[in-house]
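First comes the structure, then the notes that go with it.
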8 protein chains.
Amino acid sequence: MTLAEILAAVSRGDMTVNDAEPLVRGCFFENLGHTTLDHDREARTGTAEVIYGEGKTAGQLNDICAHLARRGANALITRVDADTAQALDVLQEGGRYDPLSRLVTVMRTPVAPAATTVAVVSAGTSDHAVAEEAAQTCEFLGSPVLRINDVGVAGLHRLLDRLDELRSARVVIVVAGMEGALPSVVGGLVSQPVIAVPTSVGYGAAFGGIAALLGMLNSCASGVSVVNIDNGFGAGHLANRINRL
Amino acid sequence: MTLAEILAAVSRGDMTVNDAEPLVRGCFFENLGHTTLDHDREARTGTAEVIYGEGKTAGQLNDICAHLARRGANALITRVDADTAQALDVLQEGGRYDPLSRLVTVMRTPVAPAATTVAVVSAGTSDHAVAEEAAQTCEFLGSPVLRINDVGVAGLHRLLDRLDELRSARVVIVVAGMEGALPSVVGGLVSQPVIAVPTSVGYGAAFGGIAALLGMLNSCASGVSVVNIDNGFGAGHLANRINRL
Amino acid sequence: MTLAEILAAVSRGDMTVNDAEPLVRGCFFENLGHTTLDHDREARTGTAEVIYGEGKTAGQLNDICAHLARRGANALITRVDADTAQALDVLQEGGRYDPLSRLVTVMRTPVAPAATTVAVVSAGTSDHAVAEEAAQTCEFLGSPVLRINDVGVAGLHRLLDRLDELRSARVVIVVAGMEGALPSVVGGLVSQPVIAVPTSVGYGAAFGGIAALLGMLNSCASGVSVVNIDNGFGAGHLANRINRL
Amino acid sequence: MTLAEILAAVSRGDMTVNDAEPLVRGCFFENLGHTTLDHDREARTGTAEVIYGEGKTAGQLNDICAHLARRGANALITRVDADTAQALDVLQEGGRYDPLSRLVTVMRTPVAPAATTVAVVSAGTSDHAVAEEAAQTCEFLGSPVLRINDVGVAGLHRLLDRLDELRSARVVIVVAGMEGALPSVVGGLVSQPVIAVPTSVGYGAAFGGIAALLGMLNSCASGVSVVNIDNGFGAGHLANRINRL
Amino acid sequence: MTLAEILAAVSRGDMTVNDAEPLVRGCFFENLGHTTLDHDREARTGTAEVIYGEGKTAGQLNDICAHLARRGANALITRVDADTAQALDVLQEGGRYDPLSRLVTVMRTPVAPAATTVAVVSAGTSDHAVAEEAAQTCEFLGSPVLRINDVGVAGLHRLLDRLDELRSARVVIVVAGMEGALPSVVGGLVSQPVIAVPTSVGYGAAFGGIAALLGMLNSCASGVSVVNIDNGFGAGHLANRINRL
Amino acid sequence: MTLAEILAAVSRGDMTVNDAEPLVRGCFFENLGHTTLDHDREARTGTAEVIYGEGKTAGQLNDICAHLARRGANALITRVDADTAQALDVLQEGGRYDPLSRLVTVMRTPVAPAATTVAVVSAGTSDHAVAEEAAQTCEFLGSPVLRINDVGVAGLHRLLDRLDELRSARVVIVVAGMEGALPSVVGGLVSQPVIAVPTSVGYGAAFGGIAALLGMLNSCASGVSVVNIDNGFGAGHLANRINRL
Amino acid sequence: MTLAEILAAVSRGDMTVNDAEPLVRGCFFENLGHTTLDHDREARTGTAEVIYGEGKTAGQLNDICAHLARRGANALITRVDADTAQALDVLQEGGRYDPLSRLVTVMRTPVAPAATTVAVVSAGTSDHAVAEEAAQTCEFLGSPVLRINDVGVAGLHRLLDRLDELRSARVVIVVAGMEGALPSVVGGLVSQPVIAVPTSVGYGAAFGGIAALLGMLNSCASGVSVVNIDNGFGAGHLANRINRL
Amino acid sequence: MTLAEILAAVSRGDMTVNDAEPLVRGCFFENLGHTTLDHDREARTGTAEVIYGEGKTAGQLNDICAHLARRGANALITRVDADTAQALDVLQEGGRYDPLSRLVTVMRTPVAPAATTVAVVSAGTSDHAVAEEAAQTCEFLGSPVLRINDVGVAGLHRLLDRLDELRSARVVIVVAGMEGALPSVVGGLVSQPVIAVPTSVGYGAAFGGIAALLGMLNSCASGVSVVNIDNGFGAGHLANRINRL
């Protein structure tokens with residue numbers, strides 16, 4: 001019974017107050033809970049549930065996808081390695097796997113595209129995978145993407161050259177490994193919110209992305225915030241949220 | 001000479017191409033550079049320069065403020081301790097010092113208020129200073145603020161109680177120390193961008209905010225990004241950028 | 001209105017279903033929330049709220065205590081330094097400050113003592129302050145305490161000598177700094193749950209309690225769990241919970 | 001000779017005091033020592049010895065199991081990978097291997113079940129393996145288990161929905177990776193002891209479980225203690241100890 | 001159009017000032033940018049671009065090399081594993097792969113050798129790979145190299161024996177793992193700039209080169225600076241810069 | 001009753017076997033325990049108890065010293081700051097406080113000097129305090145000391161100059177901060193056991209002695225072991241143990 | 001006796017080979033050693049000894065200075081706090097103390113100035129102290145300095161504006177705190193050796209300079225090497241070495 | 001020419017002083033250096049050179065062994081994996097490979113056994129490999145070994161049972177992973193020098209041996225020093241040095 005049904009029954013005298021009170025308490029969260037998990041999250045947070053693929057078996061992922069398919073929902077699975085991807089049923093049913101971003105996307109219900117654009121800027125060739133995870137997440141959620149690659153701070157003119165393009169976007173994602181300096185430079189040049197994504201690119205004292213992460217957290221430019229190392233999905237998801245405000 | 005003046009001189013034949021080329025190169029950055037520092041940053045990034053007060057003497061700060069005063073610019077100085085604040089001339093000239101947030105604000109040119117609101121949520125009483133730095137930065141930049149304090153995850157109902165209010169804001173800042181779990185809970189409940197601010201509140205394995213920082217970077221909720229430990233200013237600045245999109 | 005009152009009004013026909021639904025939703029958490037904070041926490045978790053004193057001013061603490069006093073509630077404030085304590089009004093009203101444990105306790109409503117005992121074992125003289133914070137928290141919550149001090153692993157016989165006493169307790173708290181080895185030794189000798197408290201005692205590679213913390217987390221003895229560095233309160237609180245099962 | 005036999009010989013005059021003294025000293029620990037290792041541990045700590053399987057060869061484990069088999073003892077081997085498990089003789093003799101929890105269990109002497117229950121709560125699908133290690137350890141030791149999976153803080157209603165069930169248990173184990181926020185939320189909702197288990201689930205700044213571990217150690221909720229990263233066994237063992245008090 | 005061409009067009013009256021201004025702005029960075037990336041870097045920094053090979057596919061590297069080949073440029077690719085190297089086209093076209101240093105070098109335009117020498121000193125046999133990366137980088141860029149291997153501080157006479165040779169070089173690179181003490185000893189014996197390269201050689205508390213890195217950063221000898229762990233290329237590149245001053 | 005008395009009573013028939021058994025078990029550890037703490041430790045480990053002064057009040061230290069004085073025992077108190085020292089009664093009774101090493105020594109019973117010597121080598125002037133703690137601990141325990149100061153690796157000849165002296169000692173303590181390279185160099189030159197003491201001397205990436213500690217743990221010279229940062233006492237104590245073998 | 005005198009005595013037959021051999025061995029290091037410490041270091045490394053002032057008393061420093069004064073040597077003392085400086089005799093004898101750089105300099109023998117310049121670039125006002133330590137060290141050693149302050153990456157045009165000046169120097173020192181991105185940007189723009197100095201400026205995740213240090217070690221620009229956090233002296237010393245090659 | 005030959009030539013008048021001086025300087029280190037590396041090290045440090053096998057190819061090791069074989073020297077190679085071992089020629093020539101300790105030993109010249117014994121104590125089965133590396137190193141160098149395995153602190157009686165044996169040794173090596181508490185317990189029970197070896201045994205917050213390492217460095221028992229994680233060789237080498245004093 002939904003909350004409305006319970007209240008109606010009480011109103012009709014079909015249910016006593018004493019009987020209703022525990023039911024209301026009990027169903028309250030059931031009202032939130034018995035709607036499928038994904039619908040509820042969409043209601044609360046505006047975005048359908050995304051499946052974190054790492055550490056899940058193909059079997060588990062197939063189960064989840066079948067469940068979503070019944071409801072005609074779109075699906076985004078992150079961090080899927082190539083072997084797991086090959087065993088996913090959705091790839092036979094219109095789903096798509098991109099080995100660079102490691103995303104599986106199933107688009108059943110078209111998403112109305114946003115009017116404005118998210119720029120995804122990356123510092124080096126080795127940062128492309130994470131940049132693509134960010135960019136394709138934006139696109140899956142309906143935000144068009146402007147890609148600007150290979151514009152690391154060791155060759156500033158490459159970035160300066162494309163500044164006008166960059167300034168045309170509504171939100172800017174900056175992906176960088178090693179010293180992670182690019183978000184500070186970009187943050188000093190634009191007036192948009194900048195989402196910085198440190199990558200695990202580098203070696204030695206890069207410490208798997210710690211150097212880039214710390215660099216970004218300490219950015220001397222204002223307007224920069226940071227997500228987890230290699231978390232292209234998180235950056236794309238947030239950028240879309242901001243882009244659609 | 002501005003770029004336009006040089007080009008005009010070349011066009012009139014008052015300047016040869018050979019003479020003009022180095023001038024253009026030279027003035028190009030001067031064109032960006034000879035506008036005062038603050039004007040330029042405002043042009044590029046949409047916000048007037050903010051003065052990082054920590055480690056600067058009252059003398060240095062007075063110099064900077066005098067310079068800004070001549071141009072009628074508003075001023076925001078962060079991380080000013082009480083002793084330094086007492087020696088600041090601007091406090092005699094309409095400036096204001098808030099000992100909790102440690103901000104000095106001088107408002108000479110009124111800022112048009114934004115139509116939408118930034119929510120600043122804090123987990124505990126000890127996080128108030130950082131939350132106020134965020135909130136007052138928003139207000140200085142013209143974004144109205146909804147404050148929701150003391151709603152840490154150990155007593156969820158306090159947060160759930162104010163969910164409707166929270167959902168009325170356009171951007172949400174969440175300030176928390178210790179385990180820094182509040183942004184994950186908030187991020188799972190709202191559809192707005194969430195800016196998480198770890199604080200150095202706690203002891204032992206809180207490690208001066210590292211525990212909270214890591215917790216926030218690893219948030220299982222989407223739509224959350226993070227700024228530096230205790231960086232209320234950075235969160236407020238970014239929130240205002242997003243709020244004014 | 002409480003949930004019961006709303007339901008009654010609906011039942012009597014004084015309120016329509018449409019009017020009631022948002023009220024129920026809205027008051028649901030108010031039902032949890034409008035009971036005072038402390039009553040609610042006690043209802044949910046079995047223990048009255050404890051005030052984390054660090055970083056709060058004497059003024060703030062006096063406000064909180066006055067609020068609690070009106071309800072006749074007992075109060076426990078942790079991590080209060082001597083200067084702050086001196087400015088607390090409750091010390092004039094029957095409250096007590098212990099400079100070793102840095103606890104302020106106000107006992108207005110006697111707590112029925114538990115039938116069984118919590119043992120608090122400490123490794124060295126320098127660990128006493130944290131051990132006392134644990135022991136006095138237990139006593140405040142009604143669990144009698146057996147104190148066994150100065151029985152670090154460098155002189156095993158001191159511990160072995162008191163093994164029978166130790167085995168008479170229902171729960172054992174073990175407090176140790178430096179290498180934090182004592183919980184492993186105790187855990188191998190007793191059948192009770194062992195709560196290990198690392199302290200910041202030591203220097204150099206003790207790293208403010210990290211060495212002890214890691215030692216305890218890696219205990220080769222079963223039945224040992226760990227709380228934060230110097231968190232005597234947390235250990236005492238948990239020990240009382242277990243002791244009263 | 002046992003201590004009793006020596007004393008009897010002295011009493012009968014068959015042994016002088018001078019001869020007996022060193023024998024008593026020598027055999028004292030032998031009295032503890034020549035009883036098999038497991039019997040003694042059981043006497044001291046209430047639980048039969050558990051074999052830490054990691055880093056042991058199948059041959060070593062078969063030896064240990066054969067030794068235990070002769071005494072009819074139950075056996076629990078932790079952290080056994082699938083290859084090693086296949087080479088274990090006990091699997092032909094009624095033993096059982098669970099590839100998810102990586103536990104080998106041999107149940108020869110039935111354990112009287114406890115009257116009360118341990119709840120094992122996990123935050124995400126990827127935390128199941130550790131949660132099962134905890135749950136199956138409890139069951140091996142005779143504590144019935146209530147499993148509540150996939151109730152991470154990004155979707156609070158899932159947890160709130162099952163709060164009554166949760167409150168029916170006597171001890172609560174909470175297993176979570178990433179930011180490890182779930183124990184704080186649970187700890188704020190229940191009155192039972194909470195044992196938090198951080199897992200190595202996550203990537204980037206999760207640092208193999210450090211983020212979750214620090215989050216749990218700094219929990220703002222009282223009544224929470226922590227075991228090592230991925231230490232489901234330790235949590236289960238301790239939970240059973242508490243459950244059987 | 002180059003800047004000169006634009007200015008000439010304005011001068012001739014073929015282009016208005018209004019038309020020229022955006023073109024000048026736009027081409028300014030294009031002037032830097034439309035020369036191929038490598039020419040520009042060479043102009044700015046004196047050294048042709050070096051390709052960071054790690055994480056790039058053979059296909060990507062072949063593309064880049066083909067692009068460089070058209071311009072007759074020399075190429076240096078770092079951190080190439082043996083499998084990738086085998087798939088590189090340049091190895092069929094005069095390129096050379098050294099499996100120890102993991103460098104691919106393609107020398108099309110001879111570099112005039114420097115008159116002075118760079119010494120590359122290594123502490124142990126296991127440091128050779130990094131030392132060779134440094135040495136071969138120097139040689140690729142035209143600096144002759146003096147190699148002094150296996151002269152770690154546990155056998156000082158080996159180093160002292162070759163001091164005269166060492167003092168004949170213009171710059172000294174010192175490569176060491178484990179405790180990284182060799183640069184301090186060398187720095188105390190010579191008057192040249194010393195570039196210290198920590199290596200990841202060692203185990204346990206060597207922490208993949210952190211011990212050596214910290215040792216070198218804290219060198220009590222003056223005149224020592226440090227590059228990233230295992231960054232032989234960076235040291236060689238810098239040494240050549242200094243050697244050619 | 002002592003063990004001998006119990007056995008005698010059993011032998012005489014004054015005590016039954018049943019009565020004796022628990023008494024024997026019970027007194028066994030009392031036999032170890034009722035000897036005073038210090039006598040026992042001396043019996044077990046060959047050295048009288050040393051008092052760790054840090055964090056103890058002058059009052060506590062006076063109590064301990066009075067207790068030791070009654071037994072005529074020598075006393076060594078470590079890490080005593082100047083203020084505490086001034087309030088110690090033993091300084092009026094023949095005790096001595098050295099502000100450099102922060103040791104308080106009370107010598108009541110002369111210790112027979114060892115025939116061989118401990119060398120204490122330090123790298124820099126700032127390491128003297130720790131070196132003196134080591135040296136004076138040796139002297140208190142009866143080992144003569146050879147001091148060799150200021151012979152850090154940046155000026156090798158200073159050490160080489162005194163090599164013969166150094167080789168005349170039986171054990172070598174090497175005290176160094178910053179990069180902590182001296183023990184490796186010494187370890188490569190002598191055949192004695194080398195005890196390395198990292199100090200917290202340095203700044204920046206010295207990290208309070210971590211750099212020196214890691215350097216020493218990774219020493220490429222054999223025969224080197226390490227004690228805690230700034231633990232001159234521990235090194236001196238161990239050196240004396242070895243020197244007296 | 002010097003080596004030459006011994007050899008002469010042997011040559012004259014005044015000394016037998018057997019007698020000479022140990023003398024030669026013995027004096028060899030004495031030949032290095034009995035020259036005063038500073039002369040020798042100058043001979044070996046080209047620079048007079050510099051005194052590390054931190055942790056030395058005014059008395060110790062006065063002794064050292066008196067010793068140097070007798071030989072007419074110049075003196076440079078680093079990291080001297082204001083209180084210590086006031087007690088230094090050399091300040092009455094022509095010495096100079098700069099409270100910003102905390103350097104004491106005594107110039108008795110003029111140093112021939114180098115023909116080329118060292119550029120000292122700093123990112124922010126708070127980095128000035130370290131930049132001045134670097135600059136004044138260069139000047140003390142005879143290298144003229146070009147100072148470029150406040151040109152951090154958040155406002156790139158400030159740096160670009162002064163690029164020609166910067167390129168006129170022979171060596172570049174770059175001083176930056178927070179994310180330490182400036183050396184990467186500078187390294188991508190110039191062809192000189194770049195010495196990067198991380199500073200402890202910043203808060204939170206700046207971790208006292210670790211963020212800047214890691215950023216600099218991972219610089220994506222070639223030709224950059226790094227010294228210890230806040231080690232302006234080390235950078236200046238090395239820059240002078242390179243500048244004078 | 002040896003030093004003696006040069007001196008003799010000078011004495012005979014066959015060489016002038018001027019000619020001799022540089023020769024003496026030059027050969028001095030050659031005098032140390034031209035004896036083969038191993039002989040010299042043996043002369044200086046009392047132990048033949050040991051080969052660090054990790055990261056060396058079978059080819060390199062065969063070269064080194066052939067070189068040593070010519071001189072009839074014993075050889076010890078550490079950290080040799082099974083694959084490399086199989087390719088070593090010395091195994092066909094009387095050498096021996098132990099897969100547990102990963103040591104290759106070639107004993108050509110018998111070593112006179114020491115009169116006293118080294119005890120090697122280990123905490124758990126998983127620590128055996130490191131304990132055997134320590135024990136077999138002792139035996140290779142001529143020190144008899146007493147092995148006491150599996151006596152971790154979770155079952156103290158196992159250790160106490162063997163205390164007399166333990167006290168009969170001259171030096172004690174204690175090998176432990178996880179929390180590394182065993183050295184503290186042993187150090188409190190014996191009067192010998194204790195060398196503690198942390199192992200990388202454990203998981204989660206064991207951090208590859210860091211927990212054990214920190215535990216041992218902070219031992220509250222005196223007389224304990226520590227070597228690198230898993231450095232059984234280093235402990236054995238040092239123990240033999242002490243045992244042979």
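Letters A, B, ... go to the chains of the structure tokens in the order shown; residues in each chain start at 1; ligands are counted from 1 in the same order.
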
*asked:* I need the contact residues of chain E against chain G, so if you could list those with any atom within 7 Å, counting only C-alpha atoms, and return them as a list in words, that would help.
replied: Arg44, Thr45, Gly46, Gly188, Leu189, Val190, Ser191, Gln192, Pro193, Leu217, Asn218, Ser222, Gly223, Val224, Ser225, Val226, Val227, Asn228, Gly234, His237, Leu238, Arg241 and Ile242 of chain E

*What's the 12 Å shell around Gly202 of chain H, counting only C-alpha atoms, without same-chain residues fewer than 4 positions away, as a ChimeraX atom specification?*
/C:214-215,217-220 /D:52-55,79,228-231 /H:124-127,176-180,198,206-212

_DSSP on the backbone: which residues in segment 40-191 of chain A end up as alpha helix (DSSP H)? Give the answer as a ChimeraX atom specification._
/A:40-45,58-70,82-86,128-141,156-160,163-167,182-187

Selection above as a file: N, CA and C atoms, as a short mmCIF file (atom, residue, chain, number, x, y, z; two decimals), in the first residue's frame:
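Wrote it out as out.cif, contents follow:
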data_model
loop_
_atom_site.label_atom_id
_atom_site.label_comp_id
_atom_site.auth_asym_id
_atom_site.auth_seq_id
_atom_site.Cartn_x
_atom_site.Cartn_y
_atom_site.Cartn_z
N ASP A 40 13.97 5.52 -8.10
CA ASP A 40 14.06 6.33 -6.92
C ASP A 40 15.27 7.24 -6.97
N ARG A 41 16.40 6.67 -7.32
CA ARG A 41 17.59 7.50 -7.39
C ARG A 41 17.39 8.63 -8.39
N GLU A 42 16.74 8.29 -9.49
CA GLU A 42 16.51 9.33 -10.49
C GLU A 42 15.64 10.44 -9.89
N ALA A 43 14.62 10.01 -9.11
CA ALA A 43 13.77 11.01 -8.48
C ALA A 43 14.56 11.89 -7.53
N ARG A 44 15.42 11.25 -6.75
CA ARG A 44 16.15 12.02 -5.76
C ARG A 44 17.27 12.84 -6.35
N THR A 45 18.03 12.25 -7.25
CA THR A 45 19.27 12.90 -7.67
C THR A 45 19.29 13.30 -9.12
N ALA A 58 30.72 -10.91 -15.11
CA ALA A 58 29.82 -10.74 -16.26
C ALA A 58 28.43 -11.22 -15.89
N GLY A 59 28.34 -12.30 -15.13
CA GLY A 59 27.05 -12.82 -14.72
C GLY A 59 26.26 -11.80 -13.92
N GLN A 60 26.92 -11.20 -12.92
CA GLN A 60 26.24 -10.18 -12.12
C GLN A 60 25.79 -9.01 -13.00
N LEU A 61 26.66 -8.60 -13.90
CA LEU A 61 26.32 -7.46 -14.75
C LEU A 61 25.17 -7.81 -15.69
N ASN A 62 25.16 -9.04 -16.22
CA ASN A 62 24.06 -9.45 -17.09
C ASN A 62 22.72 -9.43 -16.33
N ASP A 63 22.75 -9.89 -15.09
CA ASP A 63 21.54 -9.86 -14.26
C ASP A 63 21.02 -8.43 -14.11
N ILE A 64 21.94 -7.54 -13.73
CA ILE A 64 21.54 -6.15 -13.52
C ILE A 64 20.99 -5.56 -14.81
N CYS A 65 21.67 -5.83 -15.93
CA CYS A 65 21.23 -5.26 -17.21
C CYS A 65 19.86 -5.80 -17.62
N ALA A 66 19.63 -7.08 -17.38
CA ALA A 66 18.34 -7.66 -17.72
C ALA A 66 17.23 -6.96 -16.94
N HIS A 67 17.50 -6.72 -15.67
CA HIS A 67 16.57 -6.02 -14.80
C HIS A 67 16.27 -4.62 -15.33
N LEU A 68 17.31 -3.93 -15.74
CA LEU A 68 17.12 -2.58 -16.27
C LEU A 68 16.40 -2.62 -17.62
N ALA A 69 16.72 -3.65 -18.42
CA ALA A 69 16.12 -3.74 -19.76
C ALA A 69 14.60 -3.84 -19.66
N ARG A 70 14.14 -4.63 -18.69
CA ARG A 70 12.70 -4.79 -18.53
C ARG A 70 12.00 -3.45 -18.35
N ALA A 82 38.07 -5.67 -20.96
CA ALA A 82 37.70 -6.21 -22.26
C ALA A 82 37.14 -7.63 -22.14
N ASP A 83 37.70 -8.45 -21.27
CA ASP A 83 37.23 -9.83 -21.15
C ASP A 83 35.79 -9.87 -20.64
N THR A 84 35.51 -9.10 -19.61
CA THR A 84 34.16 -9.05 -19.08
C THR A 84 33.19 -8.53 -20.13
N ALA A 85 33.62 -7.49 -20.84
CA ALA A 85 32.74 -6.88 -21.83
C ALA A 85 32.28 -7.91 -22.86
N GLN A 86 33.19 -8.76 -23.29
CA GLN A 86 32.85 -9.75 -24.32
C GLN A 86 31.75 -10.69 -23.87
N HIS A 128 44.28 10.11 -22.22
CA HIS A 128 43.08 10.02 -23.07
C HIS A 128 42.01 9.09 -22.51
N ALA A 129 42.41 7.97 -21.95
CA ALA A 129 41.42 7.00 -21.50
C ALA A 129 40.50 7.64 -20.45
N VAL A 130 41.09 8.32 -19.51
CA VAL A 130 40.28 8.96 -18.47
C VAL A 130 39.47 10.11 -19.06
N ALA A 131 40.07 10.86 -19.97
CA ALA A 131 39.34 11.96 -20.61
C ALA A 131 38.14 11.43 -21.38
N GLU A 132 38.32 10.29 -22.04
CA GLU A 132 37.20 9.72 -22.78
C GLU A 132 36.11 9.21 -21.83
N GLU A 133 36.52 8.67 -20.69
CA GLU A 133 35.50 8.23 -19.73
C GLU A 133 34.65 9.43 -19.32
N ALA A 134 35.30 10.57 -19.10
CA ALA A 134 34.56 11.78 -18.75
C ALA A 134 33.68 12.25 -19.90
N ALA A 135 34.27 12.29 -21.09
CA ALA A 135 33.54 12.84 -22.24
C ALA A 135 32.34 11.96 -22.59
N GLN A 136 32.54 10.65 -22.63
CA GLN A 136 31.45 9.76 -23.01
C GLN A 136 30.37 9.69 -21.94
N THR A 137 30.75 9.89 -20.68
CA THR A 137 29.74 9.98 -19.63
C THR A 137 28.86 11.21 -19.87
N CYS A 138 29.48 12.33 -20.17
CA CYS A 138 28.71 13.54 -20.51
C CYS A 138 27.76 13.25 -21.66
N GLU A 139 28.27 12.66 -22.71
CA GLU A 139 27.45 12.43 -23.89
C GLU A 139 26.30 11.46 -23.58
N PHE A 140 26.59 10.42 -22.80
CA PHE A 140 25.54 9.49 -22.40
C PHE A 140 24.42 10.22 -21.66
N LEU A 141 24.81 11.20 -20.87
CA LEU A 141 23.82 11.93 -20.07
C LEU A 141 23.23 13.12 -20.83
N LEU A 156 52.68 25.67 -23.49
CA LEU A 156 51.52 26.50 -23.18
C LEU A 156 50.75 26.97 -24.40
N HIS A 157 51.50 27.27 -25.50
CA HIS A 157 50.85 27.86 -26.67
C HIS A 157 49.75 26.95 -27.21
N ARG A 158 49.90 25.63 -27.05
CA ARG A 158 48.87 24.70 -27.52
C ARG A 158 47.54 24.99 -26.85
N LEU A 159 47.60 25.31 -25.57
CA LEU A 159 46.38 25.63 -24.84
C LEU A 159 45.88 27.02 -25.21
N LEU A 160 46.79 27.97 -25.22
CA LEU A 160 46.41 29.38 -25.46
C LEU A 160 45.75 29.50 -26.83
N LEU A 163 41.96 28.89 -26.67
CA LEU A 163 41.31 29.49 -25.52
C LEU A 163 39.88 29.93 -25.84
N ASP A 164 39.68 30.45 -27.03
CA ASP A 164 38.33 30.92 -27.37
C ASP A 164 37.34 29.77 -27.40
N GLU A 165 37.76 28.68 -28.01
CA GLU A 165 36.92 27.48 -28.00
C GLU A 165 36.58 27.09 -26.57
N LEU A 166 37.64 27.05 -25.76
CA LEU A 166 37.48 26.62 -24.38
C LEU A 166 36.48 27.50 -23.64
N ARG A 167 36.58 28.79 -23.90
CA ARG A 167 35.69 29.72 -23.20
C ARG A 167 34.25 29.63 -23.66
N LEU A 182 47.84 21.43 -15.07
CA LEU A 182 46.99 22.03 -16.10
C LEU A 182 45.72 22.70 -15.52
N PRO A 183 45.05 22.11 -14.54
CA PRO A 183 43.84 22.78 -14.00
C PRO A 183 44.13 24.16 -13.43
N SER A 184 45.31 24.34 -12.82
CA SER A 184 45.64 25.67 -12.29
C SER A 184 45.76 26.67 -13.41
N VAL A 185 46.42 26.26 -14.49
CA VAL A 185 46.59 27.17 -15.62
C VAL A 185 45.24 27.48 -16.25
N VAL A 186 44.44 26.45 -16.49
CA VAL A 186 43.12 26.67 -17.08
C VAL A 186 42.26 27.50 -16.14
N GLY A 187 42.29 27.18 -14.85
CA GLY A 187 41.48 27.90 -13.87
C GLY A 187 41.82 29.39 -13.83
#

*asked:* I'd like the neighbourhood of Arg147 of chain E as a list in words, where a residue qualifies if any of its atoms comes within 7 Å (using only C-alpha atoms), though same-chain residues fewer than 3 positions away should be ignored.
replied: Ala119, Val120 and Val121 of chain E

Kindly export the residues of the current selection with N, CA, C and O atoms, as a PDB file, in the first residue's frame.
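Saved to selection_11.pdb:
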ATOM      1  N   ALA E 119      79.712  12.959 -16.641  1.00  0.00           N
ATOM      2  CA  ALA E 119      79.997  11.707 -15.939  1.00  0.00           C
ATOM      3  C   ALA E 119      78.693  11.108 -15.434  1.00  0.00           C
ATOM      4  O   ALA E 119      77.858  11.823 -14.868  1.00  0.00           O
ATOM      5  N   VAL E 120      78.519   9.813 -15.665  1.00  0.00           N
ATOM      6  CA  VAL E 120      77.357   9.107 -15.131  1.00  0.00           C
ATOM      7  C   VAL E 120      77.873   8.037 -14.167  1.00  0.00           C
ATOM      8  O   VAL E 120      78.513   7.075 -14.577  1.00  0.00           O
ATOM      9  N   VAL E 121      77.601   8.253 -12.899  1.00  0.00           N
ATOM     10  CA  VAL E 121      78.117   7.397 -11.836  1.00  0.00           C
ATOM     11  C   VAL E 121      76.965   6.589 -11.282  1.00  0.00           C
ATOM     12  O   VAL E 121      75.908   7.141 -10.992  1.00  0.00           O
TER      13      VAL E 121
END

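Those residues in segment 112-183 of chain D carrying a DSSP assignment of strand (DSSP E or B), computed from the backbone, are Val118, Ala119, Val120, Val121, Ser122, Val145, Leu146, Arg147, Ile148, Val171, Val172, Ile173, Val174, Val175 and Ala176 of chain D.
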